[in-house]
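Printed here is coords-v8.cif (mmCIF, C-alpha atoms):
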```cif
data_upload
#
loop_
_atom_site.label_atom_id
_atom_site.label_comp_id
_atom_site.auth_asym_id
_atom_site.auth_seq_id
_atom_site.Cartn_x
_atom_site.Cartn_y
_atom_site.Cartn_z
CA MET U 1 76.80 54.17 62.02
CA SER U 2 76.63 57.42 63.86
CA GLY U 3 75.66 56.70 67.37
CA SER U 4 77.07 54.76 70.27
CA GLY U 5 76.30 51.43 71.86
CA ILE U 6 76.62 47.77 71.01
CA GLY U 7 76.13 46.33 67.56
CA MET U 8 76.94 43.36 65.36
CA VAL U 9 78.30 42.91 61.85
CA GLY U 10 77.96 39.36 60.70
CA ARG U 11 79.13 37.30 63.67
CA LEU U 12 81.32 40.06 65.04
CA SER U 13 80.12 42.44 67.70
CA TYR U 14 81.40 45.87 68.61
CA ARG U 15 80.92 48.45 71.33
CA ILE U 16 81.12 52.13 70.39
CA PRO U 17 81.93 54.52 73.25
CA SER U 18 79.32 57.14 74.02
CA LEU U 19 79.46 60.52 72.27
CA SER U 20 80.17 62.34 75.53
CA TYR U 21 83.09 60.00 76.24
CA ARG U 22 84.47 60.54 72.74
CA ILE U 23 84.10 64.31 73.12
CA LEU U 24 85.99 64.12 76.43
CA VAL U 25 88.81 62.09 74.84
CA GLY U 26 88.89 64.49 71.87
CA ALA U 27 89.07 67.51 74.17
CA LEU U 28 91.86 65.91 76.19
CA TRP U 29 93.70 65.19 72.93
CA LEU U 30 93.15 68.79 71.85
CA VAL U 31 95.14 70.22 74.78
CA PRO U 32 98.59 68.75 73.97
CA THR U 33 98.15 69.21 70.22
CA VAL U 34 97.26 72.91 70.61
CA ILE U 35 100.29 73.35 72.86
CA LEU U 36 102.51 71.52 70.34
CA LEU U 37 101.13 73.08 67.16
CA VAL U 38 100.19 76.58 68.34
CA GLY U 39 101.72 77.47 71.70
CA LEU U 40 105.23 76.14 71.12
CA PRO U 41 105.73 77.55 67.58
CA ALA U 42 104.23 80.91 68.61
CA ALA U 43 106.56 81.06 71.62
CA VAL U 44 109.57 80.22 69.44
CA LEU U 45 108.58 82.88 66.89
CA ALA U 46 108.09 85.48 69.62
CA SER U 47 111.38 84.54 71.29
CA LEU U 48 113.37 84.73 68.05
CA GLY U 49 111.61 87.98 67.12
CA SER U 50 112.67 89.56 70.40
CA ARG U 51 116.29 88.65 69.51
CA GLY U 52 116.01 90.37 66.14
CA ILE U 53 115.62 87.13 64.20
CA SER U 54 112.54 87.11 62.05
CA LEU U 55 111.16 83.94 60.53
CA PRO U 56 109.29 83.92 57.21
CA PHE U 57 105.98 82.82 58.76
CA SER U 58 103.86 84.91 61.09
CA VAL U 59 102.38 83.92 64.44
CA VAL U 60 98.92 84.27 62.83
CA THR U 61 99.75 81.75 60.08
CA VAL U 62 101.20 79.26 62.54
CA SER U 63 98.27 79.71 64.94
CA VAL U 64 95.54 79.39 62.29
CA PHE U 65 96.99 76.23 60.74
CA GLY U 66 98.04 74.75 64.06
CA PHE U 67 94.61 75.31 65.58
CA GLY U 68 92.90 74.01 62.45
CA ILE U 69 94.94 70.80 62.49
CA ALA U 70 94.35 70.30 66.22
CA VAL U 71 90.58 70.83 65.94
CA LEU U 72 90.25 68.60 62.87
CA GLY U 73 92.30 65.92 64.64
CA ALA U 74 89.99 66.07 67.65
CA ALA U 75 86.89 66.04 65.41
CA ARG U 76 88.24 63.03 63.52
CA SER U 77 88.79 61.23 66.81
CA ILE U 78 85.22 62.01 67.94
CA GLY U 79 83.77 61.01 64.59
CA LYS U 80 85.77 57.80 64.18
CA PRO U 81 82.77 55.47 64.49
CA THR U 82 80.77 57.56 62.01
CA ARG U 83 80.85 58.05 58.26
CA LEU U 84 82.51 61.42 58.88
CA TYR U 85 85.78 59.69 59.79
CA GLY U 86 86.95 59.32 56.18
CA PRO U 87 86.04 62.86 55.05
CA LEU U 88 87.55 64.31 58.26
CA SER U 89 90.77 62.37 57.57
CA ILE U 90 90.81 63.83 54.05
CA ALA U 91 90.19 67.34 55.40
CA LEU U 92 92.92 66.95 58.02
CA GLY U 93 95.40 65.73 55.41
CA ALA U 94 94.45 68.59 53.09
CA VAL U 95 94.98 71.24 55.78
CA GLU U 96 98.33 69.68 56.71
CA ALA U 97 99.35 69.65 53.04
CA ILE U 98 98.33 73.30 52.57
CA TYR U 99 100.26 74.23 55.73
CA LEU U 100 103.36 72.50 54.37
CA LEU U 101 102.94 74.23 51.00
CA VAL U 102 102.75 77.60 52.80
CA LEU U 103 106.02 76.73 54.57
CA LEU U 104 107.48 75.55 51.26
CA ARG U 105 106.89 78.96 49.68
CA ALA U 106 109.20 80.56 52.26
CA SER U 107 112.15 78.34 51.30
CA PRO U 108 114.99 79.23 51.13
CA TYR U 109 114.96 81.16 54.35
CA VAL U 110 117.57 83.89 54.53
CA LEU U 111 118.53 84.96 58.01
CA SER U 112 120.51 88.09 58.82
CA LEU U 113 122.62 87.24 61.82
CA PRO U 114 122.24 90.16 64.25
CA GLY U 115 125.39 92.16 64.90
CA THR U 116 127.57 90.29 62.41
CA GLY U 117 126.58 91.64 58.99
CA ALA U 118 126.45 88.04 57.82
CA THR U 119 123.52 86.31 56.19
CA LEU U 120 122.69 82.63 56.37
CA GLY U 121 120.45 81.03 53.77
CA ILE U 122 118.85 77.64 54.37
CA GLY U 123 116.78 75.76 51.86
CA TYR U 124 114.33 73.21 53.22
CA ALA U 125 112.15 72.55 50.18
CA SER U 126 113.30 68.91 49.92
CA LEU U 127 112.41 68.33 53.56
CA ILE U 128 108.92 69.79 53.07
CA LEU U 129 108.42 67.66 49.96
CA ALA U 130 109.41 64.57 51.98
CA LEU U 131 106.98 65.59 54.75
CA LEU U 132 104.20 66.11 52.18
CA VAL U 133 104.10 62.33 51.80
CA VAL U 134 102.52 62.15 55.28
CA PRO U 135 99.31 64.17 54.58
CA LEU U 136 99.05 62.60 51.13
CA LEU U 137 99.01 59.17 52.74
CA SER U 138 96.45 60.49 55.24
CA ILE U 139 94.25 61.72 52.38
CA ALA U 140 94.62 58.35 50.63
CA ALA U 141 93.71 56.49 53.84
CA GLY U 142 90.71 58.80 54.37
CA SER U 143 89.55 58.18 50.82
CA VAL U 144 89.76 54.42 51.28
CA THR U 145 87.82 54.64 54.56
CA THR U 146 85.18 56.86 52.91
CA LEU U 147 84.84 54.27 50.15
CA GLU U 148 84.63 51.44 52.67
CA ASP U 149 81.96 53.24 54.71
CA ALA U 150 79.94 53.90 51.55
CA ARG U 151 80.15 50.32 50.29
CA HIS U 152 80.00 48.43 53.54
CA PRO U 153 78.63 50.58 56.37
CA ARG U 154 79.76 49.49 59.85
CA GLU U 155 82.18 46.95 58.32
CA ARG U 156 85.18 48.38 60.14
CA LEU U 157 83.49 48.92 63.53
CA PRO U 158 84.12 45.41 64.94
CA PHE U 159 87.83 45.95 64.27
CA ASP U 160 87.99 49.53 65.52
CA TYR U 161 85.78 48.86 68.58
CA PRO U 162 85.93 45.12 69.33
CA VAL U 163 83.97 43.91 72.29
CA MET C 1 89.10 30.82 61.42
CA SER C 2 85.78 32.23 60.26
CA PRO C 3 85.92 34.48 57.17
CA TYR C 4 84.05 37.10 59.25
CA ARG C 5 87.04 37.50 61.55
CA ARG C 6 89.41 38.40 58.72
CA LYS C 7 89.83 42.18 58.40
CA PRO C 8 88.24 43.55 55.21
CA PRO C 9 90.64 44.51 52.38
CA LEU C 10 89.66 48.21 52.38
CA TYR C 11 90.08 48.35 56.13
CA ARG C 12 93.52 46.78 55.86
CA LEU C 13 94.49 49.14 53.04
CA ALA C 14 93.41 52.23 54.98
CA ARG C 15 95.23 50.98 58.05
CA ALA C 16 98.41 50.27 56.05
CA LEU C 17 98.31 53.77 54.55
CA ARG C 18 97.97 55.31 58.01
CA TRP C 19 100.84 53.24 59.36
CA ALA C 20 102.96 54.19 56.35
CA GLY C 21 102.22 57.87 56.99
CA THR C 22 103.16 57.53 60.64
CA LEU C 23 106.36 55.68 59.75
CA VAL C 24 107.39 58.35 57.20
CA PHE C 25 106.66 61.10 59.74
CA VAL C 26 108.74 59.42 62.46
CA LEU C 27 111.63 58.74 60.06
CA VAL C 28 111.63 62.35 58.81
CA LEU C 29 111.54 63.65 62.38
CA LEU C 30 114.47 61.40 63.34
CA PHE C 31 116.40 62.54 60.28
CA VAL C 32 115.77 66.23 61.06
CA ALA C 33 116.77 65.75 64.69
CA THR C 34 120.04 64.03 63.75
CA ALA C 35 120.71 66.60 61.00
CA LEU C 36 120.24 69.45 63.50
CA TYR C 37 122.58 67.84 66.00
CA SER C 38 125.10 67.09 63.26
CA ALA C 39 124.88 70.68 61.99
CA TYR C 40 125.56 71.93 65.51
CA GLU C 41 128.64 69.70 65.71
CA THR C 42 129.83 71.01 62.34
CA ALA C 43 129.19 74.63 63.30
CA THR C 44 131.18 74.29 66.51
CA SER C 45 134.18 72.93 64.60
CA SER C 46 134.54 76.42 63.14
CA PRO C 47 136.70 77.18 60.10
CA SER C 48 140.26 78.29 60.71
CA ALA C 49 142.35 80.60 58.60
CA GLY C 50 146.07 79.99 58.19
CA SER C 51 148.41 82.95 58.09
CA PHE C 52 148.08 85.04 54.96
CA SER C 53 151.13 86.52 53.26
CA THR C 54 151.40 89.33 50.74
CA ASN C 55 154.01 89.48 48.00
CA PHE C 56 154.58 91.55 44.92
CA ALA C 57 153.84 89.57 41.79
CA THR C 58 154.26 90.18 38.09
CA ASN C 59 151.96 92.43 36.01
CA ASP C 60 151.83 95.09 38.73
CA THR C 61 149.87 92.97 41.13
CA LEU C 62 150.03 92.03 44.77
CA ALA C 63 149.53 88.36 45.52
CA VAL C 64 147.74 87.67 48.79
CA THR C 65 148.04 83.98 49.58
CA GLY C 66 146.88 81.84 52.46
CA GLN C 67 144.59 78.98 53.24
CA LEU C 68 141.30 78.30 54.95
CA THR C 69 140.50 75.02 56.65
CA PHE C 70 136.96 73.71 57.09
CA SER C 71 136.11 70.67 59.19
CA ASN C 72 132.97 68.60 59.05
CA GLY C 73 132.44 67.61 62.67
CA GLY C 74 128.99 66.18 62.01
CA PHE C 75 127.93 62.83 60.68
CA TYR C 76 126.33 63.90 57.40
CA PRO C 77 128.31 64.84 54.29
CA ILE C 78 128.84 68.35 52.96
CA ASP C 79 128.39 68.26 49.19
CA GLY C 80 129.29 70.79 46.53
CA PHE C 81 131.06 73.16 48.91
CA THR C 82 132.07 76.29 47.02
CA LEU C 83 133.90 79.27 48.46
CA HIS C 84 134.02 82.60 46.69
CA LEU C 85 135.86 85.66 47.92
CA ASN C 86 135.99 89.05 46.28
CA VAL C 87 137.67 92.30 47.16
CA ARG C 88 136.37 95.79 46.43
CA ASN C 89 137.89 99.08 47.36
CA ALA C 90 136.07 101.68 49.40
CA SER C 91 134.48 103.08 46.21
CA GLY C 92 133.02 99.66 45.45
CA ILE C 93 135.33 99.00 42.51
CA PHE C 94 135.99 95.30 42.10
CA ILE C 95 139.71 94.58 42.31
CA GLY C 96 140.14 90.86 42.87
CA GLN C 97 138.57 87.51 43.58
CA SER C 98 139.34 83.95 44.54
CA THR C 99 137.19 80.86 44.12
CA ALA C 100 137.61 77.38 45.54
CA GLY C 101 135.58 74.24 45.02
CA PRO C 102 133.14 72.72 44.48
CA VAL C 103 134.31 69.87 46.68
CA SER C 104 132.55 67.34 48.87
CA PHE C 105 133.78 66.14 52.20
CA GLY C 106 132.36 63.44 54.35
CA PRO C 107 131.73 63.17 58.07
CA GLY C 108 134.79 63.90 60.18
CA ALA C 109 136.81 65.12 57.22
CA SER C 110 138.66 68.41 56.84
CA GLN C 111 139.19 70.37 53.67
CA VAL C 112 141.96 72.90 53.09
CA PHE C 113 141.24 75.62 50.56
CA PRO C 114 144.25 77.51 49.21
CA VAL C 115 143.27 81.14 48.66
CA THR C 116 145.12 83.49 46.32
CA PHE C 117 144.17 87.00 45.34
CA PHE C 118 145.96 89.00 42.68
CA LEU C 119 145.18 92.62 43.43
CA PRO C 120 146.15 95.28 40.89
CA ILE C 121 148.41 97.95 42.34
CA SER C 122 148.87 100.05 39.24
CA SER C 123 148.22 103.73 39.78
CA THR C 124 146.71 103.83 36.27
CA GLY C 125 144.01 101.25 36.98
CA PRO C 126 140.38 101.95 37.84
CA ALA C 127 140.95 101.54 41.55
CA THR C 128 142.81 103.71 43.98
CA SER C 129 146.39 102.50 43.98
CA LEU C 130 147.07 99.94 46.68
CA LEU C 131 150.73 100.76 46.27
CA THR C 132 150.64 104.32 47.51
CA GLU C 133 147.31 104.92 49.27
CA ASP C 134 145.98 103.55 52.53
CA GLN C 135 142.34 102.51 52.24
CA ASN C 136 139.62 100.25 53.51
CA LEU C 137 138.96 97.18 51.40
CA GLU C 138 135.62 95.39 51.43
CA VAL C 139 136.17 91.64 51.50
CA GLY C 140 133.10 89.65 50.55
CA VAL C 141 132.94 85.96 51.44
CA TRP C 142 130.25 83.74 50.00
CA ALA C 143 130.01 80.01 50.51
CA ASN C 144 127.38 77.47 49.65
CA ALA C 145 126.96 73.74 50.01
CA THR C 146 124.33 71.07 50.45
CA TYR C 147 124.24 69.65 53.95
CA ALA C 148 122.81 66.27 54.91
CA TYR C 149 121.60 65.57 51.35
CA LEU C 150 118.52 67.81 51.66
CA PHE C 151 119.55 71.24 52.89
CA PRO C 152 121.19 73.77 50.57
CA ILE C 153 122.96 76.31 52.76
CA SER C 154 124.65 79.57 51.85
CA VAL C 155 126.61 82.02 53.96
CA ALA C 156 127.48 85.55 52.92
CA LEU C 157 129.71 87.86 54.88
CA ASN C 158 131.17 91.28 54.15
CA GLU C 159 134.04 92.60 56.17
CA SER C 160 136.03 95.80 55.98
CA LYS C 161 139.80 95.37 56.12
CA ALA C 162 142.25 98.24 56.52
CA TRP C 163 144.95 98.25 53.86
CA GLY C 164 148.31 99.88 54.55
CA ALA C 165 150.14 100.95 51.41
CA PRO C 166 153.78 99.77 51.08
CA PHE C 167 154.73 103.09 49.46
CA ALA C 168 152.33 105.44 51.23
CA ASP C 169 152.70 109.15 50.45
CA PHE C 170 155.30 108.32 47.81
CA THR C 171 157.10 111.29 46.27
CA ALA C 172 160.12 111.46 44.01
CA SER C 173 161.48 114.90 43.22
CA VAL C 174 164.37 116.48 41.37
CA GLY C 175 166.29 119.32 43.04
CA THR C 176 168.20 122.24 41.62
CA PRO C 177 170.96 121.26 39.14
CA THR C 178 174.54 122.07 40.14
CA THR C 179 177.84 121.85 38.32
CA MET C 180 180.23 119.32 39.76
CA GLY C 181 183.57 118.57 38.10
CA GLY C 182 182.37 119.78 34.73
CA SER C 183 179.17 117.74 34.85
CA ILE C 184 175.66 118.83 35.72
CA VAL C 185 174.28 116.98 38.69
CA VAL C 186 170.74 116.97 40.10
CA PRO C 187 169.75 115.64 43.49
CA VAL C 188 166.90 113.11 43.33
CA THR C 189 164.94 112.58 46.53
CA VAL C 190 162.65 109.59 47.14
CA GLN C 191 160.31 109.59 50.15
CA PHE C 192 157.60 107.27 51.34
CA GLN C 193 156.31 105.40 54.38
CA ASN C 194 155.81 101.68 54.53
CA HIS C 195 152.33 101.16 56.00
CA ALA C 196 152.16 97.57 54.81
CA THR C 197 152.57 94.43 56.90
CA PHE C 198 155.62 93.38 54.87
CA ALA C 199 159.03 94.96 54.28
CA ASP C 200 160.00 96.86 51.15
CA GLN C 201 163.27 95.21 50.17
CA GLY C 202 165.06 95.69 46.90
CA THR C 203 166.05 98.61 44.71
CA ILE C 204 164.33 101.72 43.49
CA LEU C 205 165.44 102.54 39.95
CA PHE C 206 164.75 106.01 38.65
CA THR C 207 165.20 107.76 35.32
CA VAL C 208 165.21 111.51 34.74
CA LEU C 209 163.52 112.29 31.41
CA SER C 210 163.51 115.53 29.44
CA SER C 211 160.29 117.10 28.21
CA GLU C 212 160.89 115.32 24.89
CA GLY C 213 161.24 111.98 26.66
CA ALA C 214 165.00 111.65 26.27
CA THR C 215 166.89 110.05 29.14
CA CYS C 216 168.90 112.70 30.97
CA GLY C 217 170.20 110.41 33.68
CA SER C 218 169.39 107.49 35.91
CA GLY C 219 170.28 106.02 39.25
CA ASN C 220 169.13 103.66 41.95
CA LEU C 221 168.61 103.39 45.67
CA ALA C 222 168.87 100.20 47.69
CA ILE C 223 166.03 99.99 50.19
CA ASP C 224 165.17 97.81 53.15
CA VAL C 225 162.21 99.43 54.86
CA PRO C 226 160.50 97.44 57.62
CA PRO C 227 156.73 97.67 58.12
CA GLY C 228 155.69 100.95 59.70
CA SER C 229 158.93 102.78 58.85
CA PRO C 230 159.50 105.91 56.79
CA PHE C 231 162.06 106.20 54.01
CA SER C 232 163.72 109.34 52.73
CA GLN C 233 166.92 109.39 50.77
CA THR C 234 168.61 111.69 48.27
CA THR C 235 171.19 110.75 45.67
CA ASP C 236 172.88 112.72 42.92
CA VAL C 237 172.33 111.93 39.27
CA THR C 238 174.70 113.15 36.59
CA LEU C 239 172.78 114.54 33.63
CA ALA C 240 173.73 113.82 30.05
CA SER C 241 175.31 116.69 28.24
CA GLY C 242 172.75 119.15 26.83
CA CYS C 243 169.79 117.33 28.35
CA SER C 244 167.50 119.50 30.47
CA PRO C 245 165.09 117.87 32.91
CA ALA C 246 162.96 121.02 33.16
CA GLY C 247 159.36 120.18 32.19
CA GLY C 248 160.27 116.50 32.01
CA SER C 249 159.45 113.69 34.33
CA LEU C 250 160.95 111.32 36.86
CA GLU C 251 160.12 107.66 36.32
CA THR C 252 160.65 105.25 39.21
CA THR C 253 160.48 101.51 39.42
CA TYR C 254 160.69 99.31 42.46
CA VAL C 255 162.52 96.03 41.88
CA THR C 256 161.96 93.55 44.67
CA SER C 257 164.74 91.34 46.01
CA GLU C 258 163.03 88.53 44.05
CA GLY C 259 163.44 90.55 40.85
CA VAL C 260 159.81 91.57 40.35
CA ALA C 261 159.56 95.07 38.84
CA ILE C 262 156.76 97.34 40.06
CA SER C 263 156.06 100.72 38.47
CA LEU C 264 155.84 103.59 40.94
CA PRO C 265 153.97 106.81 40.10
CA THR C 266 155.72 109.08 37.62
CA GLU C 267 156.42 112.54 38.97
CA ALA C 268 156.48 115.65 36.83
CA ILE C 269 159.55 117.89 37.02
CA PRO C 270 158.67 121.61 37.18
#
```

Show me, as structure tokens, the structure contained in the file I just sent.
Amino acid sequence: MSGSGIGMVGRLSYRIPSLSYRILVGALWLVPTVILLVGLPAAVLASLGSRGISLPFSVVTVSVFGFGIAVLGAARSIGKPTRLYGPLSIALGAVEAIYLLVLLRASPYVLSLPGTGATLGIGYASLILALLVVPLLSIAAGSVTTLEDARHPRERLPFDYPV
Amino acid sequence: MSPYRRKPPLYRLARALRWAGTLVFVLVLLFVATALYSAYETATSSPSAGSFSTNFATNDTLAVTGQLTFSNGGFYPIDGFTLHLNVRNASGIFIGQSTAGPVSFGPGASQVFPVTFFLPISSTGPATSLLTEDQNLEVGVWANATYAYLFPISVALNESKAWGAPFADFTASVGTPTTMGGSIVVPVTVQFQNHATFADQGTILFTVLSSEGATCGSGNLAIDVPPGSPFSQTTDVTLASGCSPAGGSLETTYVTSEGVAISLPTEAIP
């Protein structure tokens, strides 16, 4: 369950794309996710910082977690036909959850509005808690897939890669 | 259909969990996007302040009254909106506050908050007298609410406001006694400038006291001093027989046209 090519489970056959093809797809997927999770937030942070508005998370934090999530997402995509898919899904969900918890610690965010002497406080803890459901579901799905791969290797391949 | 073509239970469970995660993520994103747009709409329908008026009130206080109007131009409710204002003088001494709420108002609704401050004007209080001394007052505004069910928001603002005293540079003095028709008469002079935004209308009552506190004489002056105008007037007071004002004091009281009595600073007589 780790290579590529054609196989059969019961009466169902499957065709796994080659590793080089999966790496190419993963790399192509990596580009937009890095832009979305690293480039865009870093640009927003830098832009706000130049206007005297500081946010409670640094460019380094955003870049590390954003890059980690993008790389794990690409690795999960490459490893989908392998037994690593479940553990990689768990790892991805865990990193996303930790990232959200880091953001949660900065709530409420208090912003000093430049030139006005006014401060604006915004709490977003409830939003983060609602978003935490997403990586928790990802971890649960990864756990189920890990269990499935352990009990019935290759069982899911005809459905993920039908001929 | 062959049992081999049916998707395995664990596969279906994992797939359902992934779909559920995606659905939650999309719904949260949609909610955040609409909340941001709604917040922008609310922010652009900025609060408006009605005209504030200042009047003398009982217990040596000034009542500053007015109203603030907030509109919710968005499409999510504002819950638990509370507005708190406090006033401190330039030394940081707290002199008054006003609180409104908590109230909730739905999408498209407006809420009018009546605001009333009672500021002490007594010259014997802890703060510099608002009655006789111009000063800068620090007005602190603090508001909080929960927006769109999930977002607690607070706004704090401090602003310095110039205060013009209605009896700025107030002095009341007793002149040299003279004999007039067998009675002893002293001239009493009252001077001040009205730096306030409202007129001083009413009567100034004054009492000349001896050093033992006995009343030597009294009188009054009718006043109608518009904002920004000075006042200076002298009137003669006939002293009671055998009563000397030397070393005593001159007590003055301002009685507004509405009948509210305000104590003005007592002046010592040399």

Take the PyMOL selection byres ((chain U) within 7 of (chain C)), apply it to the structure above, and return the hits as a compact mmCIF listing (two decimals) with C-alpha atoms, keeping the file's coordinate frame.
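Wrote it out as result34.txt, contents follow:
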```txt
# COMPACT_ATOMS: atom_id res chain seq x y z
CA GLY U 10 77.96 39.36 60.70
CA ARG U 11 79.13 37.30 63.67
CA GLY U 117 126.58 91.64 58.99
CA ALA U 118 126.45 88.04 57.82
CA THR U 119 123.52 86.31 56.19
CA LEU U 120 122.69 82.63 56.37
CA GLY U 121 120.45 81.03 53.77
CA ILE U 122 118.85 77.64 54.37
CA GLY U 123 116.78 75.76 51.86
CA TYR U 124 114.33 73.21 53.22
CA SER U 126 113.30 68.91 49.92
CA LEU U 127 112.41 68.33 53.56
CA LEU U 131 106.98 65.59 54.75
CA VAL U 134 102.52 62.15 55.28
CA LEU U 137 99.01 59.17 52.74
CA SER U 138 96.45 60.49 55.24
CA ALA U 141 93.71 56.49 53.84
CA VAL U 144 89.76 54.42 51.28
CA THR U 145 87.82 54.64 54.56
CA GLU U 148 84.63 51.44 52.67
CA ARG U 156 85.18 48.38 60.14
```

inquiry  = On this structure, the PyMOL selection byres ((chain C and resi 254) around 7) would catch which residues? List them as a list in words, sorted by chain and number.
reply    = Thr203, Ile204, Leu205, Thr252, Thr253, Val255, Thr256, Ala261, Ile262, Ser263 and Leu264 of chain C

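Close to (84.1, 60.8, 72.8), meaning no more than 10 Å away when counting only C-alpha atoms, sit the residues U:Ser4, U:Ile16, U:Pro17, U:Ser18, U:Leu19, U:Ser20, U:Tyr21, U:Arg22, U:Ile23, U:Leu24, U:Val25, U:Gly26, U:Ala27, U:Leu28, U:Ala74, U:Ala75, U:Ser77, U:Ile78, U:Gly79, U:Lys80, U:Pro81.
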
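Nearest residue to Gly7 of chain U among U:Arg154, U:Arg83, U:Arg51, U:Arg105 is U:Arg154, counting all atoms listed in the file.
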
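The space separating atom CA of Leu48 of chain U from atom CA of Leu36 of chain C comes to 17.4 Å.
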
ask   = Pro77 of chain C: which residues within 8 Å, counting only C-alpha atoms, same-chain residues fewer than 2 positions away excluded, as a ChimeraX atom specification?
value = /C:72,74-75,79,104-107,147-149

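Atom CA of Leu37 of chain U sits 8.3 Å away from atom CA of Phe65 of chain U.
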
task = Could you give me, as a PyMOL selection string, the residues that have an atom at most 8 Å away from the point (162.8, 106.7, 52.0) in the coordinates of the file, using only C-alpha atoms?
result = chain C and resi 190-193+223+225+230-233

message = Between atom CA of Phe170 of chain C and atom CA of Ser98 of chain C, what distance in Å does the model show, to one decimal?
response = 29.3 Å

task = Expand the PyMOL selection byres ((chain U and resi 15) around 9) into the individual residues it matches in the shown file, reporting them as an NGL selection string.
result = :U and (4-8 or 13-14 or 16-17 or 157-158 or 161-163)

request  = Would you list the contacts of Ser160 of chain C as a VMD selection string, taking every protein, DNA or RNA residue within 12 Å and counting all atoms listed in the file, but skipping same-chain residues closer than 6 positions in sequence?
outcome  = (chain U and resid 116 to 117) or (chain C and resid 86 to 90 92 135 to 141)

Next, dump the selected residues to file, keeping only C-alpha atoms, as an mmCIF file, in the coordinates of the input.
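File produced: result-v1.cif:
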```cif
data_model
loop_
_atom_site.group_PDB
_atom_site.id
_atom_site.type_symbol
_atom_site.label_atom_id
_atom_site.label_comp_id
_atom_site.auth_asym_id
_atom_site.auth_seq_id
_atom_site.Cartn_x
_atom_site.Cartn_y
_atom_site.Cartn_z
ATOM 1 C CA THR U 116 127.570 90.290 62.410
ATOM 2 C CA GLY U 117 126.580 91.640 58.990
ATOM 3 C CA ASN C 86 135.990 89.050 46.280
ATOM 4 C CA VAL C 87 137.670 92.300 47.160
ATOM 5 C CA ARG C 88 136.370 95.790 46.430
ATOM 6 C CA ASN C 89 137.890 99.080 47.360
ATOM 7 C CA ALA C 90 136.070 101.680 49.400
ATOM 8 C CA GLY C 92 133.020 99.660 45.450
ATOM 9 C CA GLN C 135 142.340 102.510 52.240
ATOM 10 C CA ASN C 136 139.620 100.250 53.510
ATOM 11 C CA LEU C 137 138.960 97.180 51.400
ATOM 12 C CA GLU C 138 135.620 95.390 51.430
ATOM 13 C CA VAL C 139 136.170 91.640 51.500
ATOM 14 C CA GLY C 140 133.100 89.650 50.550
ATOM 15 C CA VAL C 141 132.940 85.960 51.440
#
```

message = Can you pull out the residues contacting Val38 of chain U? Cut-off 8 Å, using all atoms listed in the file, and skip same-chain residues under 6 positions away; I want them as a ChimeraX atom specification.
response = /U:62-63,66-67

inquiry  = Applying 12 Å and only C-alpha atoms, which residues near Ser229 of chain C remain after dropping the ones on its own chain fewer than 6 positions away? List them as a ChimeraX atom specification.
reply    = /C:164-168,191-200,223

Go ahead and dump the residues you just picked, C-alpha atoms, as a CSV table (one decimal), keeping the file's coordinate frame.
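Final output, saved to result28.csv:
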```csv
chain,number,residue,atom,x,y,z
C,164,GLY,CA,148.3,99.9,54.6
C,165,ALA,CA,150.1,101.0,51.4
C,166,PRO,CA,153.8,99.8,51.1
C,167,PHE,CA,154.7,103.1,49.5
C,168,ALA,CA,152.3,105.4,51.2
C,191,GLN,CA,160.3,109.6,50.2
C,192,PHE,CA,157.6,107.3,51.3
C,193,GLN,CA,156.3,105.4,54.4
C,194,ASN,CA,155.8,101.7,54.5
C,195,HIS,CA,152.3,101.2,56.0
C,196,ALA,CA,152.2,97.6,54.8
C,197,THR,CA,152.6,94.4,56.9
C,198,PHE,CA,155.6,93.4,54.9
C,199,ALA,CA,159.0,95.0,54.3
C,200,ASP,CA,160.0,96.9,51.2
C,223,ILE,CA,166.0,100.0,50.2
```

Residue with smallest distance to Thr189 of chain C - pool C:Gln201, C:Asn220, C:Thr116, C:Ser45, counting all atoms listed in the file =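 That would be C:Asn220, the residue with the smallest distance to Thr189 of chain C.
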
task = May I ask which of the residues U:Leu72, U:Leu30, U:Val44, U:Ala130 is the closest one to Ala94 of chain U, counting all atoms listed in the file?
result =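 Smallest distance to Ala94 of chain U is found for U:Leu72.
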
request  = Tell me which of C:Gly217, C:Thr82, C:Phe70, C:Cys243 sits closest to Thr44 of chain C, counting all atoms listed in the file.
outcome  =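 Result for the nearest residue to Thr44 of chain C: C:Phe70.
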
When you look at Leu104 of chain U with a cut-off of 10 Å (counting all atoms listed in the file), what residues show up, excluding the ones that are within fewer than 3 positions of it in the same chain? I need them as an mmCIF file with C-alpha atoms, keeping the file's coordinate frame.
```cif
data_model
loop_
_atom_site.group_PDB
_atom_site.id
_atom_site.type_symbol
_atom_site.label_atom_id
_atom_site.label_comp_id
_atom_site.auth_asym_id
_atom_site.auth_seq_id
_atom_site.Cartn_x
_atom_site.Cartn_y
_atom_site.Cartn_z
ATOM 1 C CA ILE U 98 98.330 73.300 52.570
ATOM 2 C CA TYR U 99 100.260 74.230 55.730
ATOM 3 C CA LEU U 100 103.360 72.500 54.370
ATOM 4 C CA LEU U 101 102.940 74.230 51.000
ATOM 5 C CA SER U 107 112.150 78.340 51.300
ATOM 6 C CA PRO U 108 114.990 79.230 51.130
ATOM 7 C CA TYR U 109 114.960 81.160 54.350
ATOM 8 C CA GLY U 123 116.780 75.760 51.860
ATOM 9 C CA TYR U 124 114.330 73.210 53.220
ATOM 10 C CA ALA U 125 112.150 72.550 50.180
ATOM 11 C CA SER U 126 113.300 68.910 49.920
ATOM 12 C CA LEU U 127 112.410 68.330 53.560
ATOM 13 C CA ILE U 128 108.920 69.790 53.070
ATOM 14 C CA LEU U 129 108.420 67.660 49.960
#
```
